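What follows is a single structure, written as structure tokens, with notes after it.
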There are 6 protein chains.
Amino acid sequence: MTGARILLLNPNTSAEMTERMLEAGRAVAARDTDLVPLTAVRGVPYIATRAEAQIGGAIALEMLAEHHRRVDAAIIAAFGDPGLFGARELFDIPVVGLAEAAMLTACMLGRRFAIVSFARALGPWYEECVAMHGLTGRCAGIRLLDSPFREVTAVQEEKEDRLVRLANEAVQRDEADVVILAGAPLSGLAAKVAHRIPVPVVDQVAAAVKQAEALAALRPRKATEGTFRRPPAKRVTGLPAALAARITHADDVEA
Amino acid sequence: MTGARILLLNPNTSAEMTERMLEAGRAVAARDTDLVPLTAVRGVPYIATRAEAQIGGAIALEMLAEHHRRVDAAIIAAFGDPGLFGARELFDIPVVGLAEAAMLTACMLGRRFAIVSFARALGPWYEECVAMHGLTGRCAGIRLLDSPFREVTAVQEEKEDRLVRLANEAVQRDEADVVILAGAPLSGLAAKVAHRIPVPVVDQVAAAVKQAEALAALRPRKATEGTFRRPPAKRVTGLPAALAARITHADDVEA
Amino acid sequence: MTGARILLLNPNTSAEMTERMLEAGRAVAARDTDLVPLTAVRGVPYIATRAEAQIGGAIALEMLAEHHRRVDAAIIAAFGDPGLFGARELFDIPVVGLAEAAMLTACMLGRRFAIVSFARALGPWYEECVAMHGLTGRCAGIRLLDSPFREVTAVQEEKEDRLVRLANEAVQRDEADVVILAGAPLSGLAAKVAHRIPVPVVDQVAAAVKQAEALAALRPRKATEGTFRRPPAKRVTGLPAALAARITHADDVEA
Amino acid sequence: MTGARILLLNPNTSAEMTERMLEAGRAVAARDTDLVPLTAVRGVPYIATRAEAQIGGAIALEMLAEHHRRVDAAIIAAFGDPGLFGARELFDIPVVGLAEAAMLTACMLGRRFAIVSFARALGPWYEECVAMHGLTGRCAGIRLLDSPFREVTAVQEEKEDRLVRLANEAVQRDEADVVILAGAPLSGLAAKVAHRIPVPVVDQVAAAVKQAEALAALRPRKATEGTFRRPPAKRVTGLPAALAARITHADDVEA
Amino acid sequence: MTGARILLLNPNTSAEMTERMLEAGRAVAARDTDLVPLTAVRGVPYIATRAEAQIGGAIALEMLAEHHRRVDAAIIAAFGDPGLFGARELFDIPVVGLAEAAMLTACMLGRRFAIVSFARALGPWYEECVAMHGLTGRCAGIRLLDSPFREVTAVQEEKEDRLVRLANEAVQRDEADVVILAGAPLSGLAAKVAHRIPVPVVDQVAAAVKQAEALAALRPRKATEGTFRRPPAKRVTGLPAALAARITHADDVEA
Amino acid sequence: MTGARILLLNPNTSAEMTERMLEAGRAVAARDTDLVPLTAVRGVPYIATRAEAQIGGAIALEMLAEHHRRVDAAIIAAFGDPGLFGARELFDIPVVGLAEAAMLTACMLGRRFAIVSFARALGPWYEECVAMHGLTGRCAGIRLLDSPFREVTAVQEEKEDRLVRLANEAVQRDEADVVILAGAPLSGLAAKVAHRIPVPVVDQVAAAVKQAEALAALRPRKATEGTFRRPPAKRVTGLPAALAARITHADDVEA
């Protein structure tokens, strides 16, 4: 079995964030894994609300429609997993979300995980993401910084100490057994601060890469029944070409 | 208090469906209510899957961005409520979903409601919509026809008898106290078949119009705190003009 | 469609409270709605405990038995909804509870509502009411004043500032998206203080009137199957005449 | 410790049913237990619906108000436990419900219990009773006969075979580990048919007597805090004398 | 009916603890009940963690295998109920757990019980025990002392005041209606401190003895179907003789 | 990063089963992964009930105590995960259960997974395992063959067709999106029958190996806080040497 090609799909428009995530992923990827980075060309620099996730999830589908045939598996690389279930339905390759991978990995390291992130605005979206995955009972709580930061791309350096303190509070007060440092801007931070937090710390990108590798190795078949079978062909109006082709099944010809 | 202007926003591209819903809504609207129909100019003729809901919800936000200032309240007129929570966050007017309105209304008529619709493909999306509203415990089940139909716009006439039978099965076998005939193509059917079903039958558009009127009359303020306050301004790339203006707060000037 | 006659049934013996609720209801009622006030002639001045709700609910059934034929819909106007499900079973008109209407309306304005009221004693009853409606997952919490007041009928004036503070705490600490000012004595307060609370505030009576109007307009049929069909005739001993006639079906003759 | 006096309070008006329950209770009572039977003088012969439970629960409170001082503990002897939580709040002695005692006892004999009874009409009330006690997750299902019977007081003889069949179906199809024969008219049946059902069968009255004895022996103090402390004195209008005295605290004098 | 013989099985190796529990049990046992104490000969002095419960539960099965034929019912006398469900499956007599009996008894005295104990280490195990019994919704919380103690066998004397304070906090802050003093070392404490706690206090051993007496009196049959029927004979290697005989059914001969 | 050594710990006494699992694991393991098989020397040939899981879990702890220092991660290779949480607490390496790994992997392939196995006796244990992991909401159901088989070690060959049929029923009737073929004797079957089942099929051992590899690569630290920190040293009596040394911390010296 040769190594897997894994799409690291950033539905945000910040290439700097993609770069950071790529680095965090490469640190744990198997030697023969090929991580393929991709940054959204439209949308917002950093998805943080329900409305932005609604839009960003549609953009993720557009991006997958263009690139899914080039890879063995894909990661939707925004904590909150915009468009994940639609992607799983529409495409044949395994697709995993950053939040999903981090939470499921955390489940194997403790009874309850805490989600720690850098902005209060992310709370509602993250909470609904946990519920969407049916993992509310495994979540000890979401703890968020509540002070302004200079640059989202440098927030992990600027707020490192405060994030570590928040993680420790999650352990002491919320009885978290595991901590997830959540949100693309915090990618790679876990490795730096793990020794300052008394429980396992999960890096979302590291977890997602290992889960995508696992799925690629297991080579699951595409469902032709159940709720994730590919929907039948449907007419569309005004959608980007690749996405339109996927929905109308026009792409069957080219396959 | 003069009557309310209510946007009947169809995130599907079928104008015929909008027409049918308009008719069902007018049958129960207050005399001084003004229903303003609007049909999507891009997307699919009929949203039926998670991927289509992801895309359609983004389109609903685009449509609201263009029209929200002209109305007192809006209805996202697709059962499944694509984009609803994002809309509630992004805009200042009350916004209600077709599924939401039908289910909450049904809650006042019995302990558990059944959702009855015309295609098996709708099941997963509807089920996730019920869960998204936290109403799984009030839902007796979802019963769906499982045979092909000729025209989605005429499915309620073609399948009337079978839908009535399904509704009766929901009452007899699932202990439903109320039946919701779900999916835009079934709008207006409740009034025709209510006498053949031994429990209250809720028409989704009728319920949505009355709930939108109720919200308009109560004149709730826009949240400036909590999870539905308007997100702060954010840079965007490549989004339609009105939606971009709403997210960047450029529209504050014109207001 | 001419306007609806709606019974505003106060299961408490305080006519002053009925008056206050009538005023709050009229402020939002449609022009052609006719609100019919009714105050209990026996019971307690203000239901606040499980035992009082048990007794008050039975009294509500007695009152409905006497008046249900005169109206198109009824409101059981005590937050906690005493006797609601029994009423929905026993009578043919739509019946809505104050808590039910407020909570379902709040669901359309946010993810989680807080219930704010004026006495700690109300907590258990309110909490069980939320659970009875299956809405525990939508409730951010119940916050109650814990200090004596002079007159229950004037408690909203006496405690206005403290109630507003409590509502703000519910928003800040419990992440409530909506606030319900609960308990008949707080009827009408929402309109006065909404501008001091940064999220939508639901007035229980206003919500109930709009929901009763909605149900009256939808004209749902009485169930003849399901758990809210009218129970078959049964012998009774020692019950008030109208209620006895309803249970024994003796009232079928006079209908 | 001398034996306990236990009130067997039947909130129904059928003295024949009280007699049957007394017999079932005596079969398992400790030698020094004194079971004190009491039959409602007003109400219905057999509570079966939410409305009847609302009324019957209020009557149970009236009966307890007259008799609570004469006994060490009380059983509200109708499956569905009308008025139970109000009683637990209002009076100082332990009070246990028939359904409550049967279900909690069943929990010690298996993972999930089935409730088997003789009339479909009882379903909604029983289901809501299970939920009220927070035991839905321990209930394998409710199975009910759906055919007319001649006399409710003789239904256990008339339908014995069909009830046994139903119990066996609950074991085979619903994976019940324990069976509860529910509804006052089935009191005493468990002992007769236990050998025909391959899992433990709980007799509701037998369970209630043993639980009431247990509570009497443990001599729990009356709460002066928490949600079951006695409510403060309150004015009443038009309530029966003993109940009025209990609510107004006029009975404190005579104590 | 002559009195019941009840095995008080302590899966810990501390005979002093067995003695203390025996005393607490005798204080409430019926006159003709015969409590048979038994202390583990291998294991740990005091089970406090998941690993110890895994081992201690297996030891409890070994002990029951040797003694079950001598008694009418058994109590697994460690709060946390190690081995309980396995015991209920493997043996014919009723078996009840200390936590189970305390919690079910508490359910009849209030809406929510608090668990109060003497060491933070017990938290996870107790919490999982509550969930295992499906009673999470009835639990107001678990409050634990977090300071070192001298001797586990004398902890109730050493920490009496602090435990009482903790119990009062559970009532005031967690809205507990009932308090359970949990953990074998606290057996008998309830009787001493009940007057200092404003809600009913349940003694775990007292509750377990009364529940075991109740089950013995009801004489439930051993299931031959359902999930607690005795498993079919199976080969074993390297298990203690009595347990091996029970699993292989070799003990059928000697019976 | 050189490859991981992963202990494949079979808590059953059947070496043939260990061999079969080893083969299924090797088929998907990374080239540099070293799978170390280990078979229990005492216990039962095949754990199938709660009592056997109680005993087998204790045996798994004994085995881990002897071997944990030789490996980077461990798999408890019995579906049902006996002893898993105790192991996670007691040892420093990552430990994953067969059921846990299969279920979490399945969560990334669909909304709800079905568990399909070969004997009805396994049902209760599997169901409690799903609940223990908090994944009941993600489980579409458990379907089990209910007919005798000749040899448990050859049951997958004997029953292949019937298991495939069961899997298809789980998809068609229970709306499963993914199928897990559960129970050690079915290891390796997924690869053979995946093409006959229209949704992804998860092999429990393949999933566990990939998850153990993922955890080994992420190198999570051992918790020193939270509920999975290592318990403090404790005295023991009569336990196997290695396990005793681990619990008493005597093994700290040798480390």
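Labeling convention for the structure tokens: chains A, B, ... as they appear, residues from 1 per chain, ligands from 1 in order of appearance.
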
Output the contact residues of chain F with respect to chain A at a cut-off of 8 Å, based on only C-alpha atoms, as number ranges by chain. F: 28, 88, 94-96, 100, 104-105, 108-111, 134-135, 137-138, 171-172, 175-177, 194, 198-202, 206-207, 210-211, 214-215, 217-218, 220-228

Just the strand (DSSP E) stuff from range 64-230 of chain E, please, per backbone DSSP, written as a PyMOL selection string. chain E and resi 73-76+95-97+113-117+139-144+178-181+201-203

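CA of Met17 in chain F sits 20.9 Å away from CA of Cys129 in chain F.
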
Contacts of Gly188 in chain F at 12 Å (only C-alpha atoms; same-chain gap of 2+ positions) as a PyMOL selection string: chain F and resi 17-28+154+156-157+160+180-186+190-194+201-207

Within 12 Å of Pro232 in chain B using only C-alpha atoms, minus same-chain residues under 2 positions, as a VMD selection string: (chain A and resid 48 to 49 52 121) or (chain B and resid 89 to 90 224 to 225 228 to 230 234 to 235 246 to 250 252)

Would you save the residues of that selection, restricted to C-alpha atoms, as a PDB file, in the first residue's frame?
ATOM      1  CA  ALA A  48     -16.512  32.463  13.191  1.00  0.00           C
ATOM      2  CA  THR A  49     -20.301  32.586  13.059  1.00  0.00           C
ATOM      3  CA  GLU A  52     -20.155  32.504   7.843  1.00  0.00           C
ATOM      4  CA  ALA A 121     -17.690  34.702  19.206  1.00  0.00           C
TER       5      ALA A 121
ATOM      6  CA  GLU B  89     -27.863  36.179  13.475  1.00  0.00           C
ATOM      7  CA  LEU B  90     -27.118  38.376  10.467  1.00  0.00           C
ATOM      8  CA  THR B 224     -27.014  43.035  20.953  1.00  0.00           C
ATOM      9  CA  GLU B 225     -25.828  40.258  23.258  1.00  0.00           C
ATOM     10  CA  PHE B 228     -27.837  35.958  17.897  1.00  0.00           C
ATOM     11  CA  ARG B 229     -26.353  39.429  18.170  1.00  0.00           C
ATOM     12  CA  ARG B 230     -25.106  40.725  14.821  1.00  0.00           C
ATOM     13  CA  LYS B 234     -15.505  41.328   8.731  1.00  0.00           C
ATOM     14  CA  ARG B 235     -13.626  41.477   5.461  1.00  0.00           C
ATOM     15  CA  ARG B 246     -24.127  43.116   5.283  1.00  0.00           C
ATOM     16  CA  ILE B 247     -21.098  41.189   6.546  1.00  0.00           C
ATOM     17  CA  THR B 248     -18.647  44.077   6.184  1.00  0.00           C
ATOM     18  CA  HIS B 249     -21.227  46.441   7.725  1.00  0.00           C
ATOM     19  CA  ALA B 250     -20.888  48.617   4.635  1.00  0.00           C
ATOM     20  CA  ASP B 252     -24.690  50.588   7.901  1.00  0.00           C
TER      21      ASP B 252
END

Contact residues around Lys159 in chain D with only C-alpha atoms at 9 Å, ignoring same-chain residues under 6 positions, as a ChimeraX atom specification: /D:118,145,149

Keeping C-alpha atoms, export the residues of the selection given above as a PDB file, in the first residue's frame.
ATOM      1  CA  PHE D 118     -55.715  -3.694  30.171  1.00  0.00           C
ATOM      2  CA  LEU D 145     -54.918  -4.659  25.555  1.00  0.00           C
ATOM      3  CA  PHE D 149     -64.030  -5.639  28.744  1.00  0.00           C
TER       4      PHE D 149
END

If we count only C-alpha atoms and set the cut-off at 8 Å, which residues sit around Leu38 in chain A, ignoring sequence neighbours fewer than 3 positions away in its own chain? Please answer as a PDB file with all heavy atoms, in the first residue's frame.
ATOM      1  N   LEU A   7      -6.250  15.851   0.996  1.00  0.00           N
ATOM      2  CA  LEU A   7      -6.515  17.267   0.741  1.00  0.00           C
ATOM      3  C   LEU A   7      -6.725  18.005   2.058  1.00  0.00           C
ATOM      4  O   LEU A   7      -7.596  17.626   2.844  1.00  0.00           O
ATOM      5  CB  LEU A   7      -7.770  17.407  -0.133  1.00  0.00           C
ATOM      6  CG  LEU A   7      -8.115  18.812  -0.626  1.00  0.00           C
ATOM      7  CD1 LEU A   7      -7.081  19.301  -1.640  1.00  0.00           C
ATOM      8  CD2 LEU A   7      -9.507  18.834  -1.269  1.00  0.00           C
ATOM      9  N   LEU A   8      -5.922  19.016   2.298  1.00  0.00           N
ATOM     10  CA  LEU A   8      -6.092  19.852   3.495  1.00  0.00           C
ATOM     11  C   LEU A   8      -6.816  21.113   3.030  1.00  0.00           C
ATOM     12  O   LEU A   8      -6.199  22.102   2.627  1.00  0.00           O
ATOM     13  CB  LEU A   8      -4.723  20.188   4.089  1.00  0.00           C
ATOM     14  CG  LEU A   8      -4.753  20.954   5.418  1.00  0.00           C
ATOM     15  CD1 LEU A   8      -5.254  20.077   6.551  1.00  0.00           C
ATOM     16  CD2 LEU A   8      -3.367  21.488   5.765  1.00  0.00           C
ATOM     17  N   LEU A   9      -8.149  21.053   3.077  1.00  0.00           N
ATOM     18  CA  LEU A   9      -8.985  22.087   2.468  1.00  0.00           C
ATOM     19  C   LEU A   9      -9.333  23.161   3.488  1.00  0.00           C
ATOM     20  O   LEU A   9     -10.118  22.929   4.409  1.00  0.00           O
ATOM     21  CB  LEU A   9     -10.251  21.400   1.930  1.00  0.00           C
ATOM     22  CG  LEU A   9     -11.285  22.233   1.172  1.00  0.00           C
ATOM     23  CD1 LEU A   9     -12.232  21.306   0.425  1.00  0.00           C
ATOM     24  CD2 LEU A   9     -12.063  23.188   2.042  1.00  0.00           C
ATOM     25  N   ASN A  10      -8.765  24.324   3.322  1.00  0.00           N
ATOM     26  CA  ASN A  10      -9.065  25.443   4.206  1.00  0.00           C
ATOM     27  C   ASN A  10     -10.192  26.282   3.604  1.00  0.00           C
ATOM     28  O   ASN A  10      -9.981  26.966   2.610  1.00  0.00           O
ATOM     29  CB  ASN A  10      -7.804  26.311   4.398  1.00  0.00           C
ATOM     30  CG  ASN A  10      -8.061  27.479   5.331  1.00  0.00           C
ATOM     31  OD1 ASN A  10      -9.142  27.597   5.909  1.00  0.00           O
ATOM     32  ND2 ASN A  10      -7.068  28.351   5.488  1.00  0.00           N
ATOM     33  N   THR A  18      -3.494  28.362   6.199  1.00  0.00           N
ATOM     34  CA  THR A  18      -3.272  27.072   5.530  1.00  0.00           C
ATOM     35  C   THR A  18      -1.850  26.598   5.780  1.00  0.00           C
ATOM     36  O   THR A  18      -1.610  25.419   6.075  1.00  0.00           O
ATOM     37  CB  THR A  18      -3.502  27.210   4.008  1.00  0.00           C
ATOM     38  OG1 THR A  18      -4.725  27.894   3.784  1.00  0.00           O
ATOM     39  CG2 THR A  18      -3.551  25.847   3.335  1.00  0.00           C
TER      40      THR A  18
END

Contact residues around Glu66 in chain C with only C-alpha atoms at 7 Å, ignoring same-chain residues under 3 positions, as an MDAnalysis selection string: chainID C and resid 62:63 242

Determine which residues of range 5-243 of chain F receive a DSSP assignment of alpha helix (DSSP H), computed from the backbone, and state them as a PyMOL selection string. chain F and resi 15-26+50-67+84-90+98-107+123-132+155-158+160-174+189-193+204-218+241-243
